[in-house]
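Remarks on the structure that follows.
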Amino acid sequence: MTPRLVFVTAVLLVAAGCSPVQPAADGPTASDSQSDVFGEPADPAQVKAGGTLTVALSADPDKLDPTLSRSLYSRYVFHTMCEKLYDLGPDAKVVPQLATALPTIAPDGLSLTIPLRQGVKFADGGTFDSAAVKTTIERHLTLAGSARKSELGPISAVETPDPNTVLIKLSKPFAPLTAALADRAGMVLSPAAVSKLGANFSGAPVCVGPFKFANRVAQNSIKVVKDPQYYDAAKVHLDAIEYRIITDSSIRSANLKAGDAQVADSLSSQDAPSLQKDSTISVLQSQSLGYQGVTINIANANGVGNPLKQLDTPIAKDPRVRQALDLSIDRAALVKSIFNGLNTVACSPVSPKSEFTSEAAQVCPAHDPAKAKELLAAAGVSTPYKVSMITSNNPDSLRLAQALQAMVKDGGFELVIKPVEYASLLDQQDRGDFEILQLGWSGRVDPDANIFNFVGTTGSQNVAGYSSPELDKLLTDARQSTDKAQRIKLYGDVVKKLQQDEPLIYLYRQRNLTGVSKKLLGVQTYPDGVIRTAFAGFAK
């Protein structure tokens with residue numbers, strides 16, 4: 001630890017793949033360009049061997065167990081030490097990683113055959129093979145509290161025809177499976193470590209990766225070190241990577257400028273302009289696949305995963321009240337005034353970058369406070385209608401909440417802001433102890449992973465307690481279809497239904513902003529939001 005490195009142990013901004021809100025001060029546009037800047041791979045001739053990279057991380061990752069993890073920040077660490085069957089490229093397309101080719105899918109859609117790399121070792125020396133893949137997937141499907149089970153869909157069996165081939169059988173076709181295997185569901189765990197540690201795998205995780213786990217100090221740091229057994233070790237230049245938890249965006253930026261960190265994630269759009277002008281720093285940026293939004297508690301009275309029970313409030317019982325809240329929000333003004341145009345308006349869970357997007361999937365309700373008041377009157381609600389919203393107890397989230405509070409007043413709402421510590425917010429959302437919740441999702445390449453878990457009746461993160469047989473059928477049909485045109489049409493219909501019922505009001509999509517010292521080469525950030533540092537190195 002260098003003397004200037006500052007640690008902040010304020011509220012943790014991490015959960016369910018969520019990314020922190022990063023508002024900007026009013027003023028000129030923070031960037032002259034909305035162009036993506038992903039970064040370039042390192043030229044081996046220009047980097048030197050060795051050194052420890054320090055990453056200033058905006059939140060403490062949750063469990064370092066791919067089966068149980070739910071946070072974006074754990075994905076940063078997993079990138080260095082837990083490779084997947086598949087990965088995403090800069091164009092958000094799925095590419096092989098521990099697999100050697102995309103799956104061969106049976107004509108009936110009920111099985112996938114995946115060829116595997118050979119000669120690969122886990123960090124503990126164990127052999128990576130089809131048996132390890134089978135052990136991992138079965139653990140994802142059966143471990144109590146698994147966050148991967150619903151992502152993997154209707155898998156009926158995992159078979160190992162030979163050590164280099166995995167055959168996944170399905171009870172029904174499941175189109176999102178390959179994309180799911182390009183995230184945590186596709187990370188393969190050491191069977192020996194799984195057997196030894198069980199549900200405590202996160203304490204000493206073992207996978208295949210350029211680096212291996214070294215140690216963790218809760219709410220302070222995580223360290224990984226180079227794994228000499230990695231199958232492509234010649235591409236790894238660094239000796240170690242240390243993630244330092246610094247939750248305050250201005251302090252992350254200060255550490256980056258001072259040289260005490262070489263990478264800083266989730267830059268505030270308030271800091272981005274000055275960093276872009278700094279000749280010693282590069283700012284990588286990409287448009288998120290996810291969203292920030294507002295979830296309304298409709299029937300989560302018993303806690304997520306338990307039987308639904310309708311809440312007895314106007315906003316829970318009447319979709320017209322939720323529609324009125326949506327109409328009260330001026331998304332364009334929000335993006336312009338709070339984020340200086342760096343973020344983009346979002347009205348649906350389907351990213352414009354998705355191959356399954358359409359005009360129907362990107363339709364936005366018009367900002368119309370007068371109509372909002374008409375809907376409240378038609379619902380028999382007196383104005384101003386008071387509703388409470390829990391949000392993270394940090395300056396960035398509070399700034400967003402206050403902007404929403406001012407906006408919805410014109411539509412007839414009195415929004416009461418209830419700031420809570422982030423750990424408490426997560427507990428309250430799961431227990432259903434909220435009226436409205438402000439929360440975001442970092443996003444996935446297949447729309448199913450941005451929708452089903454949150455608004456499907458059986459979704460593992462359906463904290464709204466929303467249930468619609470019509471929507472469930474649309475989502476199920478989209479999951480089972482292998483016809484791209486049909487899926488595009490279905491997701492347009494999904495968005496239309498969501499905008500009628502409004503269990504979750506989508507607000508905007510963040511830009512992923514990452515600061516990188518120019519002394520470091522090879523860092524990349526793609527639309528999935530994951531900072532890729534595994535093959536970076538210090539310039540000669």
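Chains: A, B, ... in order of the structure tokens. Residues: from 1 per chain. Ligands: from 1, in order shown.
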Tell me, as a list in words, which residues lie within 9 Å of Thr514 in chain A, counting only C-alpha atoms; anything in the same chain fewer than 6 positions away does not count.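 The contact residues come out as Val263, Ala264, Asp265, Ser266, Leu267, Ser282, Val283, Leu284, Gln285, Thr525 and Ile531 of chain A.
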Excluding same-chain residues fewer than 5 positions from Glu414 in chain A, what lies within 8 Å of it counting only C-alpha atoms, as a list in words?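 Everything that qualifies: Pro384, Tyr385, Lys386, Val387, Gln405, Val408 and Lys409 of chain A.
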Among range 316-495 of chain A, which ones does DSSP assign to helix (DSSP H, G or I) (computed from the backbone)? Answer as a PyMOL selection string. chain A and resi 316-317+319-327+331-339+360-362+369-378+395-409+422-431+448-455+469-480+484-495
Could you pull the residues within 8 Å of Thr165 in chain A, counting only C-alpha atoms, minus those fewer than 2 positions along the same chain, as a list of chain:residue names?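 The contact residues come out as A:Thr113, A:Ile114, A:Pro115, A:Leu116, A:Asp129, A:Ser130, A:Thr160, A:Pro161, A:Asp162, A:Pro163, A:Leu167.
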Can I get the selected residues back with C-alpha atoms, as a compact mmCIF listing (two decimals), in the first residue's frame?
```
# COMPACT_ATOMS: atom_id res chain seq x y z
CA THR A 113 -22.57 -30.46 -28.05
CA ILE A 114 -19.57 -28.43 -26.86
CA PRO A 115 -15.96 -29.27 -27.79
CA LEU A 116 -13.38 -28.37 -25.11
CA ASP A 129 -12.20 -31.83 -18.88
CA SER A 130 -15.82 -32.68 -19.58
CA THR A 160 -19.56 -36.63 -21.06
CA PRO A 161 -19.13 -38.71 -24.23
CA ASP A 162 -15.37 -38.25 -23.91
CA PRO A 163 -13.02 -36.03 -21.86
CA LEU A 167 -23.35 -32.93 -24.24
```
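Using only C-alpha atoms, the smallest distance between any of A:Gln500, A:Thr136, A:Ser397, A:Gln118 and Cys364 in chain A comes from A:Gln500.
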Between A:Ile338, A:Met81, A:Leu112, A:Leu327, which one has atoms that come closest to Gln270 in chain A, using only C-alpha atoms?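 Checking each of A:Ile338, A:Met81, A:Leu112, A:Leu327 against Gln270 in chain A, counting only C-alpha atoms, the winner is A:Ile338.
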Considering only C-alpha atoms, state which residue in the set A:Pro154, A:Pro307, A:Pro173, A:Gly125 is at the smallest distance from Pro191 in chain A.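 Result for the nearest residue to Pro191 in chain A: A:Gly125.
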For a test of reading the model, state the distance in Å between CA of Arg244 in chain A and CA of Leu520 in chain A, rounded to one decimal. 17.1 Å
What does the distance from CA of Gly305 in chain A to CA of Glu470 in chain A come to in Å, to one decimal? 20.0 Å
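Within range 318-458 of chain A, DSSP applied to the backbone places the following residues in strand (DSSP E or B): Thr344, Val345, Tyr385, Lys386, Val387, Ser388, Met389, Ile390, Thr391, Ser392, Phe413, Glu414, Leu415, Val416, Ile417, Lys418, Pro419, Val420, Ile436, Leu437, Gln438, Leu439, Gly440 and Trp441 of chain A.
Minimum atom-to-atom distances from A:Ala180, A:Leu57, A:Met389, A:Ala534 to Leu437 in chain A were compared using only C-alpha atoms, and the lowest value belongs to A:Met389.
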Exercise: range 504-512 of chain A partners within 9 Å, only C-alpha atoms, chain neighbours under 5 positions left out, as a PyMOL selection string: chain A and resi 19+21-22+34+265-267+284-296+322-323+325-326+329+331-332+334-335+342-349+351+440+442+454-455+464+498-499+525-530
Give me the residues within 8 Å of Glu40 in chain A as a PyMOL selection string, counting only C-alpha atoms and dropping any in the same chain fewer than 5 places off. chain A and resi 521-524
So which one's closest to Ile241 in chain A, A:Leu53, A:Ile390, A:Ala360, A:Val208? Using only C-alpha atoms, please.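 Using only C-alpha atoms, Ile241 in chain A sits closest to A:Leu53.
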Given the choices A:Ile315, A:Ala324, A:Ala182, A:Leu375, which gets closest to Ala449 in chain A if the distance is worked out from only C-alpha atoms?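 Ranking A:Ile315, A:Ala324, A:Ala182, A:Leu375 by distance to Ala449 in chain A, first place goes to A:Ala182.
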Excluding Glu374 in chain A and residues on its chain fewer than 3 positions from it, collect all residues at most 10 Å away from it, counting only C-alpha atoms, and give them as a list in words.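 Within the cut-off, the hits are Arg320, Val321, Ala324, Pro369, Ala370, Lys371, Ala377, Ala378, Ala379, Gly380, Val381, Gly411 and Gly412 of chain A.
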Just the residues within 8 Å of range 196-207 of chain A, please, counting only C-alpha atoms, with nothing from its chain fewer than 4 positions along; format it as a PyMOL selection string. chain A and resi 63-65+81-83+122-124+143+187-190+192+212-213
Suppose we keep all heavy atoms; can you now write the selection as a compact mmCIF listing (two decimals), in the first residue's frame?
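Saved the output as result.txt:
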```txt
# COMPACT_ATOMS: atom_id res chain seq x y z
N LYS A 63 -19.71 -12.68 -3.08
CA LYS A 63 -18.99 -13.94 -2.99
C LYS A 63 -18.23 -14.27 -4.27
O LYS A 63 -18.79 -14.18 -5.37
CB LYS A 63 -19.96 -15.08 -2.66
CG LYS A 63 -20.56 -15.00 -1.27
CD LYS A 63 -21.45 -16.18 -0.98
CE LYS A 63 -21.99 -16.12 0.45
NZ LYS A 63 -22.84 -17.30 0.77
N LEU A 64 -16.97 -14.69 -4.12
CA LEU A 64 -16.18 -15.10 -5.27
C LEU A 64 -16.45 -16.57 -5.59
O LEU A 64 -15.57 -17.42 -5.62
CB LEU A 64 -14.69 -14.86 -4.99
CG LEU A 64 -14.28 -13.39 -4.85
CD1 LEU A 64 -12.79 -13.27 -4.59
CD2 LEU A 64 -14.69 -12.58 -6.07
N ASP A 65 -17.71 -16.83 -5.82
CA ASP A 65 -18.21 -18.16 -6.17
C ASP A 65 -19.13 -17.97 -7.36
O ASP A 65 -20.21 -17.39 -7.23
CB ASP A 65 -18.97 -18.77 -4.99
CG ASP A 65 -19.48 -20.18 -5.27
OD1 ASP A 65 -19.66 -20.52 -6.45
OD2 ASP A 65 -19.71 -20.92 -4.30
N MET A 81 -9.39 -14.95 -13.21
CA MET A 81 -9.08 -16.26 -12.63
C MET A 81 -10.10 -17.36 -12.91
O MET A 81 -9.84 -18.52 -12.59
CB MET A 81 -8.89 -16.13 -11.12
CG MET A 81 -10.13 -15.74 -10.35
SD MET A 81 -9.81 -15.70 -8.57
CE MET A 81 -11.50 -15.63 -7.96
N CYS A 82 -11.22 -17.05 -13.52
CA CYS A 82 -12.25 -18.06 -13.80
C CYS A 82 -12.74 -17.93 -15.24
O CYS A 82 -13.75 -17.26 -15.50
CB CYS A 82 -13.42 -17.94 -12.83
SG CYS A 82 -13.07 -18.45 -11.14
N GLU A 83 -12.03 -18.57 -16.16
CA GLU A 83 -12.46 -18.49 -17.54
C GLU A 83 -13.75 -19.29 -17.74
O GLU A 83 -14.10 -20.15 -16.94
CB GLU A 83 -11.34 -18.98 -18.48
CG GLU A 83 -10.20 -17.99 -18.56
CD GLU A 83 -9.28 -18.23 -19.73
OE1 GLU A 83 -9.26 -19.37 -20.26
OE2 GLU A 83 -8.56 -17.29 -20.12
N PHE A 122 -6.42 -26.66 -14.02
CA PHE A 122 -6.92 -25.73 -13.00
C PHE A 122 -5.75 -25.20 -12.19
O PHE A 122 -4.63 -25.75 -12.23
CB PHE A 122 -7.92 -26.44 -12.08
CG PHE A 122 -9.22 -26.78 -12.74
CD1 PHE A 122 -9.49 -28.08 -13.15
CD2 PHE A 122 -10.18 -25.80 -12.94
CE1 PHE A 122 -10.68 -28.40 -13.76
CE2 PHE A 122 -11.39 -26.11 -13.55
CZ PHE A 122 -11.64 -27.41 -13.97
N ALA A 123 -6.00 -24.13 -11.44
CA ALA A 123 -4.93 -23.53 -10.64
C ALA A 123 -4.38 -24.48 -9.59
O ALA A 123 -3.26 -24.31 -9.10
CB ALA A 123 -5.43 -22.24 -9.99
N ASP A 124 -5.16 -25.52 -9.21
CA ASP A 124 -4.68 -26.51 -8.23
C ASP A 124 -4.01 -27.70 -8.89
O ASP A 124 -3.67 -28.69 -8.23
CB ASP A 124 -5.81 -26.96 -7.31
CG ASP A 124 -6.98 -27.60 -8.06
OD1 ASP A 124 -6.84 -27.84 -9.29
OD2 ASP A 124 -8.03 -27.84 -7.44
N LEU A 143 -27.13 -26.29 -6.16
CA LEU A 143 -26.66 -25.70 -4.90
C LEU A 143 -27.69 -24.72 -4.35
O LEU A 143 -28.23 -23.87 -5.09
CB LEU A 143 -25.32 -24.98 -5.11
CG LEU A 143 -24.67 -24.42 -3.84
CD1 LEU A 143 -24.23 -25.57 -2.92
CD2 LEU A 143 -23.48 -23.52 -4.19
N MET A 187 -18.51 -20.45 -16.22
CA MET A 187 -17.23 -20.56 -15.52
C MET A 187 -17.11 -21.97 -14.95
O MET A 187 -18.03 -22.46 -14.29
CB MET A 187 -17.14 -19.52 -14.41
CG MET A 187 -17.11 -18.09 -14.93
SD MET A 187 -17.09 -16.87 -13.59
CE MET A 187 -17.22 -15.35 -14.56
N VAL A 188 -15.97 -22.60 -15.18
CA VAL A 188 -15.79 -23.99 -14.78
C VAL A 188 -14.92 -24.05 -13.52
O VAL A 188 -13.83 -23.49 -13.48
CB VAL A 188 -15.16 -24.82 -15.91
CG1 VAL A 188 -15.09 -26.29 -15.50
CG2 VAL A 188 -15.97 -24.66 -17.20
N LEU A 189 -15.41 -24.73 -12.49
CA LEU A 189 -14.76 -24.79 -11.19
C LEU A 189 -13.95 -26.08 -11.05
O LEU A 189 -14.30 -27.12 -11.61
CB LEU A 189 -15.80 -24.72 -10.08
CG LEU A 189 -16.93 -23.69 -10.24
CD1 LEU A 189 -17.83 -23.72 -9.01
CD2 LEU A 189 -16.39 -22.30 -10.49
N SER A 190 -12.90 -26.01 -10.26
CA SER A 190 -12.11 -27.20 -9.97
C SER A 190 -12.93 -28.19 -9.17
O SER A 190 -13.40 -27.87 -8.06
CB SER A 190 -10.86 -26.81 -9.16
OG SER A 190 -10.33 -27.94 -8.50
N ALA A 192 -11.96 -30.69 -7.47
CA ALA A 192 -11.31 -30.96 -6.20
C ALA A 192 -11.64 -29.88 -5.18
O ALA A 192 -11.93 -30.17 -4.01
CB ALA A 192 -9.79 -31.06 -6.39
N LYS A 212 -4.54 -16.65 -10.30
CA LYS A 212 -5.22 -17.46 -9.30
C LYS A 212 -5.39 -16.66 -8.03
O LYS A 212 -4.64 -15.71 -7.76
CB LYS A 212 -4.44 -18.75 -9.02
CG LYS A 212 -3.02 -18.55 -8.51
CD LYS A 212 -2.32 -19.89 -8.34
CE LYS A 212 -0.88 -19.71 -7.87
NZ LYS A 212 -0.18 -21.02 -7.69
N PHE A 213 -6.38 -17.04 -7.27
CA PHE A 213 -6.72 -16.31 -6.03
C PHE A 213 -5.57 -16.39 -5.04
O PHE A 213 -4.97 -17.45 -4.83
CB PHE A 213 -7.97 -16.93 -5.42
CG PHE A 213 -8.40 -16.30 -4.12
CD1 PHE A 213 -9.07 -15.08 -4.10
CD2 PHE A 213 -8.14 -16.92 -2.91
CE1 PHE A 213 -9.47 -14.51 -2.90
CE2 PHE A 213 -8.52 -16.36 -1.71
CZ PHE A 213 -9.19 -15.14 -1.71
```
Separation of CA of Lys373 in chain A and CA of Ser388 in chain A, in Å?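 Between CA of Lys373 in chain A and CA of Ser388 in chain A the gap works out to 18.2 Å.
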